[in-house]
Amino acid sequence: MGLRSKLGLIFLLVSSLAILVLCVAVYTQAESSRLDRTRGLADERIKAAAQTYDQNGVEILGSRLDDPAVPEPLREAVQQGKRATFKTGSPNPKMWAAVEVKDGRILSIVQDYDNEDPSMNALRRALIIGGIGTVAMVALVSVVAAGSLSRRIVAVAGTARRIAGGELDASAVETIGQGNRNKDEVHALATAIDSMASSLRGQLEAERRFTADVAHDLRTPVTGLLTAAELLPPGRPSELVRDRAKVLRGLVEDLLEIARFDSGFEQADLENIGLGAFVGSAVGRLRMQQAIAPDDVVVRQDGPEATVSTDSRRVERILANLIVNGLRHGKAPIEVNVHGRTVEVVDHGPGYPEELIAEGPRRFRSGMAERGAGHGLGLTIAAGHAKVLGAELTFGAAPTGGALARLVLPPAPETESTHNF
């Protein structure tokens, strides 16, 4: 049940209860007034009858002397010197009135008390019809009011989801369209979300500037370090220095690539390719560059060849990062499955961390201890290239265990020619 339904139901229940209490109170008051009138009429009759009897000894207005049917509570009240009335209960209610006359005798009058009084029946019908009509009107008003509140909250929630998806310029206050005129709780929530988004923008911008500055500042000294390492005399220490220098240069190049993504100016150089054949060729080149054993990376194509419109360099970079990540942090063999426009890279290691699956890769965030240490740049770069391509890159768990990365590429336009690799 959504907020709109809950609020509408609460308003309806509260209003229905209030209307019910009001109707019962009105009806009870009317019944009490009717009873008072009947008592007053009976009292006037017994008073007139007692005066006539005391003067003339004549019983009038249907009065009777020493009626044995007089209720005991009424008899006791009269014996105490009071003129009193008494109403008996169902099934045949009656109104009694009695008073003590001369000679110490009791003069009484009795009349029927009709529960089905026409005026009370009319009042009961009016209260029922009016109550139902009022509840219907309140229900309509509550639905409209709850709907307005619900729409504003849903709009704020939608803006929050857009911000979580990376659209940090979205404004919740502008979305609800209230400006500074309405200072209710929804406006306060929207203002808080906008403040959070502004703070997040500042933090991300600081992180991006830090990444770009570090990469640019390190590029020149790392290049000089690598050149100097090549001049060292042959030997195991020199090999270790050169190896670490190459790793450091790779890290700097990755940071520079991420900085280019952050700039927002990266564009894809699109061409049509046959995906299955291209993936096979790209994996073959990766095996030669990284000295990977043929059995460590297996390529399978399921179904006919699909043509996609994409940037082949970026697709190859994505595949390389996914495969290298699987070999480094997972377990061989790495399975590369091509099905239509979808490429899946599966390893047989402990799988991706739950945080990465839920939120996607982040720079400088390493995976689980079981998958080894890392900087989190390889998958971040792969996600950056996928975004430039307009492709969908998701991470999950393989049905047979291990990590699963799925890349879905956009199709090629039908009007363009296809270039197969």
# chains A, B, ... in the order shown; residues from 1 in each chain; ligands from 1
>>> residues_around(residues="Val110 (chain A)", least_positions_apart="5", cutoff="9 Å", atoms="only C-alpha atoms", output="count of residues only")
9
>>> closest_residue(among="A:Val338, A:Val101, A:Val388, A:Val297", to="Ala320 (chain A)", atoms="only C-alpha atoms")
A:Val297
>>> closest_residue(among="A:Val24, A:Leu107, A:Leu204, A:Val408", to="Glu59 (chain A)", atoms="only C-alpha atoms")
A:Leu107
>>> residues_around(residues="region 272-288 of chain A", least_positions_apart="3", cutoff="10 Å", atoms="only C-alpha atoms", output="PyMOL selection string")
chain A and resi 291-294+296-313+315-317+319-320+323-324+336-343+409+411-413+416-421
>>> atom_distance(atom1="CA of Ser195 (chain A)", atom2="CA of Arg208 (chain A)")
19.9 Å
>>> residues_around(residues="region 152-157 of chain A", least_positions_apart="4", cutoff="10 Å", atoms="only C-alpha atoms", output="short mmCIF file (atom, residue, chain, number, x, y, z; two decimals) with all heavy atoms, in the first residue's frame")
data_model
loop_
_atom_site.label_atom_id
_atom_site.label_comp_id
_atom_site.auth_asym_id
_atom_site.auth_seq_id
_atom_site.Cartn_x
_atom_site.Cartn_y
_atom_site.Cartn_z
N LEU A 3 1.86 5.44 -0.02
CA LEU A 3 1.61 6.53 0.92
C LEU A 3 0.26 7.17 0.67
O LEU A 3 -0.47 7.50 1.61
CB LEU A 3 2.73 7.57 0.81
CG LEU A 3 2.59 8.79 1.73
CD1 LEU A 3 2.63 8.35 3.19
CD2 LEU A 3 3.70 9.79 1.44
N ARG A 4 -0.08 7.34 -0.60
CA ARG A 4 -1.37 7.97 -0.93
C ARG A 4 -2.52 7.14 -0.37
O ARG A 4 -3.45 7.68 0.25
CB ARG A 4 -1.50 8.11 -2.45
CG ARG A 4 -2.83 8.69 -2.90
CD ARG A 4 -2.87 8.83 -4.40
NE ARG A 4 -4.11 9.42 -4.86
CZ ARG A 4 -4.39 9.69 -6.12
NH1 ARG A 4 -3.50 9.43 -7.06
NH2 ARG A 4 -5.54 10.21 -6.46
N ALA A 146 -4.22 13.67 -0.05
CA ALA A 146 -3.16 12.67 0.03
C ALA A 146 -2.46 12.51 -1.31
O ALA A 146 -1.24 12.29 -1.37
CB ALA A 146 -3.73 11.34 0.51
N GLY A 147 -3.23 12.60 -2.39
CA GLY A 147 -2.62 12.49 -3.72
C GLY A 147 -1.64 13.62 -3.99
O GLY A 147 -0.56 13.39 -4.55
N SER A 148 -2.00 14.84 -3.58
CA SER A 148 -1.09 15.96 -3.77
C SER A 148 0.20 15.77 -2.98
O SER A 148 1.30 15.96 -3.51
CB SER A 148 -1.78 17.26 -3.33
OG SER A 148 -0.89 18.36 -3.40
N ARG A 161 16.63 9.55 -6.81
CA ARG A 161 17.14 8.45 -7.64
C ARG A 161 17.97 8.98 -8.80
O ARG A 161 18.99 8.37 -9.17
CB ARG A 161 15.97 7.62 -8.16
CG ARG A 161 15.35 6.70 -7.11
CD ARG A 161 14.39 5.71 -7.74
NE ARG A 161 13.23 6.37 -8.26
CZ ARG A 161 12.10 6.58 -7.59
NH1 ARG A 161 12.02 6.16 -6.32
NH2 ARG A 161 11.08 7.17 -8.13
N ARG A 162 17.56 10.11 -9.38
CA ARG A 162 18.37 10.70 -10.47
C ARG A 162 19.73 11.12 -9.96
O ARG A 162 20.75 10.93 -10.63
CB ARG A 162 17.63 11.89 -11.06
CG ARG A 162 16.40 11.51 -11.89
CD ARG A 162 15.50 12.71 -12.12
NE ARG A 162 16.21 13.82 -12.73
CZ ARG A 162 15.75 15.07 -12.78
NH1 ARG A 162 14.59 15.37 -12.21
NH2 ARG A 162 16.46 16.02 -13.36
N ILE A 163 19.77 11.69 -8.75
CA ILE A 163 21.05 12.09 -8.16
C ILE A 163 21.90 10.86 -7.90
O ILE A 163 23.11 10.86 -8.16
CB ILE A 163 20.80 12.89 -6.86
CG1 ILE A 163 20.14 14.23 -7.19
CG2 ILE A 163 22.11 13.12 -6.11
CD1 ILE A 163 19.70 15.00 -5.97
N SER A 171 17.47 19.06 -9.17
CA SER A 171 17.04 19.82 -8.00
C SER A 171 15.68 19.32 -7.54
O SER A 171 14.71 19.34 -8.31
CB SER A 171 16.96 21.32 -8.31
OG SER A 171 16.38 22.03 -7.24
N ALA A 172 15.61 18.87 -6.30
CA ALA A 172 14.34 18.39 -5.75
C ALA A 172 13.37 19.54 -5.52
O ALA A 172 12.16 19.40 -5.71
CB ALA A 172 14.60 17.64 -4.45
N VAL A 173 13.88 20.70 -5.11
CA VAL A 173 13.01 21.85 -4.86
C VAL A 173 12.34 22.29 -6.15
O VAL A 173 11.13 22.59 -6.18
CB VAL A 173 13.81 23.01 -4.24
CG1 VAL A 173 12.97 24.26 -4.15
CG2 VAL A 173 14.32 22.62 -2.85
N GLU A 174 13.08 22.34 -7.24
CA GLU A 174 12.49 22.71 -8.53
C GLU A 174 11.51 21.65 -9.00
O GLU A 174 10.52 21.95 -9.66
CB GLU A 174 13.59 22.91 -9.56
CG GLU A 174 14.49 24.11 -9.28
CD GLU A 174 15.58 24.26 -10.34
OE1 GLU A 174 15.61 23.43 -11.27
OE2 GLU A 174 16.38 25.19 -10.22
N THR A 175 11.77 20.37 -8.66
CA THR A 175 10.90 19.29 -9.10
C THR A 175 9.51 19.42 -8.49
O THR A 175 8.50 19.24 -9.18
CB THR A 175 11.50 17.93 -8.72
OG1 THR A 175 12.76 17.79 -9.37
CG2 THR A 175 10.59 16.80 -9.17
N ILE A 176 9.43 19.74 -7.18
CA ILE A 176 8.11 19.84 -6.55
C ILE A 176 7.42 21.16 -6.88
O ILE A 176 6.24 21.32 -6.62
CB ILE A 176 8.21 19.68 -5.02
CG1 ILE A 176 9.09 20.78 -4.40
CG2 ILE A 176 8.76 18.31 -4.66
CD1 ILE A 176 9.15 20.72 -2.88
N GLY A 177 8.17 22.10 -7.46
CA GLY A 177 7.57 23.33 -7.94
C GLY A 177 7.04 24.24 -6.87
O GLY A 177 6.10 25.01 -7.07
N GLN A 178 7.62 24.20 -5.66
CA GLN A 178 7.13 25.01 -4.56
C GLN A 178 7.97 26.26 -4.30
O GLN A 178 7.52 27.18 -3.64
CB GLN A 178 7.08 24.16 -3.28
CG GLN A 178 6.09 23.02 -3.37
CD GLN A 178 4.66 23.49 -3.54
OE1 GLN A 178 4.24 24.44 -2.90
NE2 GLN A 178 3.93 22.83 -4.42
N GLU A 185 7.06 20.07 5.39
CA GLU A 185 8.07 19.03 5.58
C GLU A 185 8.62 18.52 4.24
O GLU A 185 9.79 18.16 4.15
CB GLU A 185 7.47 17.87 6.37
CG GLU A 185 7.22 18.17 7.84
CD GLU A 185 5.94 18.96 8.06
OE1 GLU A 185 5.26 19.26 7.08
OE2 GLU A 185 5.64 19.28 9.23
N VAL A 186 7.76 18.44 3.22
CA VAL A 186 8.24 17.97 1.92
C VAL A 186 9.26 18.94 1.34
O VAL A 186 10.28 18.53 0.77
CB VAL A 186 7.05 17.78 0.95
CG1 VAL A 186 7.55 17.33 -0.42
CG2 VAL A 186 6.07 16.75 1.50
N HIS A 187 9.00 20.24 1.49
CA HIS A 187 9.96 21.23 1.02
C HIS A 187 11.27 21.13 1.80
O HIS A 187 12.36 21.26 1.22
CB HIS A 187 9.37 22.63 1.17
CG HIS A 187 10.25 23.72 0.64
ND1 HIS A 187 11.23 24.32 1.40
CD2 HIS A 187 10.32 24.30 -0.58
CE1 HIS A 187 11.85 25.23 0.68
NE2 HIS A 187 11.32 25.24 -0.53
N LEU A 189 12.47 18.39 3.13
CA LEU A 189 13.14 17.19 2.62
C LEU A 189 13.81 17.47 1.28
O LEU A 189 14.97 17.07 1.06
CB LEU A 189 12.11 16.06 2.47
CG LEU A 189 12.61 14.76 1.82
CD1 LEU A 189 13.72 14.13 2.67
CD2 LEU A 189 11.46 13.79 1.62
N ALA A 190 13.12 18.18 0.39
CA ALA A 190 13.71 18.51 -0.91
C ALA A 190 14.94 19.39 -0.74
O ALA A 190 15.95 19.20 -1.43
CB ALA A 190 12.66 19.21 -1.79
N THR A 191 14.86 20.36 0.18
CA THR A 191 16.01 21.23 0.43
C THR A 191 17.20 20.43 0.95
O THR A 191 18.35 20.66 0.55
CB THR A 191 15.63 22.33 1.43
OG1 THR A 191 14.51 23.07 0.91
CG2 THR A 191 16.78 23.28 1.65
N ILE A 193 17.83 17.25 0.39
CA ILE A 193 18.38 16.44 -0.71
C ILE A 193 19.23 17.31 -1.63
O ILE A 193 20.30 16.89 -2.08
CB ILE A 193 17.23 15.76 -1.48
CG1 ILE A 193 16.61 14.68 -0.60
CG2 ILE A 193 17.74 15.17 -2.79
CD1 ILE A 193 15.43 13.98 -1.25
N ASP A 194 18.77 18.52 -1.91
CA ASP A 194 19.57 19.42 -2.76
C ASP A 194 20.89 19.77 -2.08
O ASP A 194 21.94 19.86 -2.74
CB ASP A 194 18.78 20.69 -3.06
CG ASP A 194 17.66 20.45 -4.06
OD1 ASP A 194 17.64 19.36 -4.65
OD2 ASP A 194 16.81 21.35 -4.23
#
>>> select_by_dssp(residues="region 18-95 of chain A", states="strand (DSSP E)", output="list of chain:residue names")
A:Arg64, A:Leu65, A:Ala84, A:Thr85, A:Phe86, A:Lys87, A:Lys94, A:Met95
>>> closest_atom_pairs(of="region 147-178 of chain A", to="region 357-362 of chain A", cutoff="12 Å", atoms="only C-alpha atoms", output="JSON lines")
{"residue": "A:Ala164", "atom": "CA", "partner": "A:Glu359", "partner_atom": "CA", "distance": 9.7}
{"residue": "A:Gly165", "atom": "CA", "partner": "A:Glu359", "partner_atom": "CA", "distance": 9.7}
{"residue": "A:Gly166", "atom": "CA", "partner": "A:Glu359", "partner_atom": "CA", "distance": 11.4}
>>> write_last_selection(atoms="N, CA, C and O atoms", output="short mmCIF file (atom, residue, chain, number, x, y, z; two decimals), in the first residue's frame")
data_model
loop_
_atom_site.label_atom_id
_atom_site.label_comp_id
_atom_site.auth_asym_id
_atom_site.auth_seq_id
_atom_site.Cartn_x
_atom_site.Cartn_y
_atom_site.Cartn_z
N ALA A 164 21.27 9.79 -7.36
CA ALA A 164 22.02 8.56 -7.10
C ALA A 164 22.55 7.95 -8.39
O ALA A 164 23.60 7.29 -8.39
N GLY A 165 21.83 8.19 -9.50
CA GLY A 165 22.28 7.68 -10.79
C GLY A 165 23.35 8.53 -11.45
O GLY A 165 23.77 8.20 -12.57
N GLY A 166 23.75 9.62 -10.82
CA GLY A 166 24.83 10.44 -11.36
C GLY A 166 24.40 11.80 -11.87
O GLY A 166 25.24 12.62 -12.24
#
>>> residues_around(residues="Arg37 (chain A)", least_positions_apart="6", cutoff="12 Å", atoms="only C-alpha atoms", output="PyMOL selection string")
chain A and resi 30-31+43-44+85+95+113
>>> select_by_dssp(residues="region 142-278 of chain A", states="alpha helix (DSSP H)", output="PyMOL selection string")
chain A and resi 142-164+172-176+185-230+236-263+275-278
>>> residues_around(residues="region 218-235 of chain A", least_positions_apart="5", cutoff="7 Å", atoms="only C-alpha atoms", output="list in words")
Val241, Arg242, Ala245, Lys246, Arg249 and Val252 of chain A
>>> write_last_selection(atoms="all heavy atoms", output="short mmCIF file (atom, residue, chain, number, x, y, z; two decimals), in the first residue's frame")
data_model
loop_
_atom_site.label_atom_id
_atom_site.label_comp_id
_atom_site.auth_asym_id
_atom_site.auth_seq_id
_atom_site.Cartn_x
_atom_site.Cartn_y
_atom_site.Cartn_z
N VAL A 241 63.59 -3.16 -10.41
CA VAL A 241 63.35 -1.72 -10.52
C VAL A 241 62.56 -1.41 -11.79
O VAL A 241 61.59 -0.63 -11.78
CB VAL A 241 64.67 -0.94 -10.49
CG1 VAL A 241 64.43 0.54 -10.82
CG2 VAL A 241 65.35 -1.08 -9.14
N ARG A 242 62.97 -2.01 -12.93
CA ARG A 242 62.27 -1.76 -14.18
C ARG A 242 60.82 -2.26 -14.12
O ARG A 242 59.90 -1.60 -14.61
CB ARG A 242 63.01 -2.43 -15.33
CG ARG A 242 64.26 -1.68 -15.80
CD ARG A 242 64.78 -2.21 -17.12
NE ARG A 242 65.36 -3.55 -16.96
CZ ARG A 242 66.64 -3.79 -16.69
NH1 ARG A 242 67.47 -2.76 -16.53
NH2 ARG A 242 67.10 -5.02 -16.57
N ALA A 245 58.81 0.12 -12.03
CA ALA A 245 58.64 1.38 -12.75
C ALA A 245 57.56 1.24 -13.82
O ALA A 245 56.76 2.17 -14.03
CB ALA A 245 59.96 1.82 -13.37
N LYS A 246 57.50 0.09 -14.50
CA LYS A 246 56.46 -0.14 -15.51
C LYS A 246 55.08 -0.21 -14.85
O LYS A 246 54.09 0.31 -15.39
CB LYS A 246 56.75 -1.43 -16.26
CG LYS A 246 57.95 -1.35 -17.19
CD LYS A 246 58.19 -2.67 -17.88
CE LYS A 246 59.42 -2.60 -18.80
NZ LYS A 246 59.69 -3.89 -19.46
N ARG A 249 54.12 3.30 -14.09
CA ARG A 249 53.69 4.01 -15.30
C ARG A 249 52.29 3.58 -15.72
O ARG A 249 51.46 4.41 -16.13
CB ARG A 249 54.67 3.74 -16.45
CG ARG A 249 54.30 4.51 -17.73
CD ARG A 249 55.27 4.26 -18.84
NE ARG A 249 55.26 2.86 -19.27
CZ ARG A 249 56.00 2.38 -20.28
NH1 ARG A 249 56.83 3.19 -20.93
NH2 ARG A 249 55.94 1.10 -20.60
N VAL A 252 49.81 5.38 -13.57
CA VAL A 252 49.66 6.78 -13.97
C VAL A 252 48.82 6.90 -15.23
O VAL A 252 47.95 7.78 -15.35
CB VAL A 252 51.05 7.42 -14.16
CG1 VAL A 252 50.91 8.82 -14.77
CG2 VAL A 252 51.78 7.51 -12.83
#
>>> atom_distance(atom1="CA of Pro350 (chain A)", atom2="CA of Glu335 (chain A)")
15.0 Å
>>> residues_around(residues="Ile132 (chain A)", least_positions_apart="5", cutoff="12 Å", atoms="only C-alpha atoms", output="list in words")
Leu12, Ser15, Ser16, Leu17, Ile19, Leu20, Cys23, Arg125, Ala126, Leu127, Met137, Val138 and Ala139 of chain A
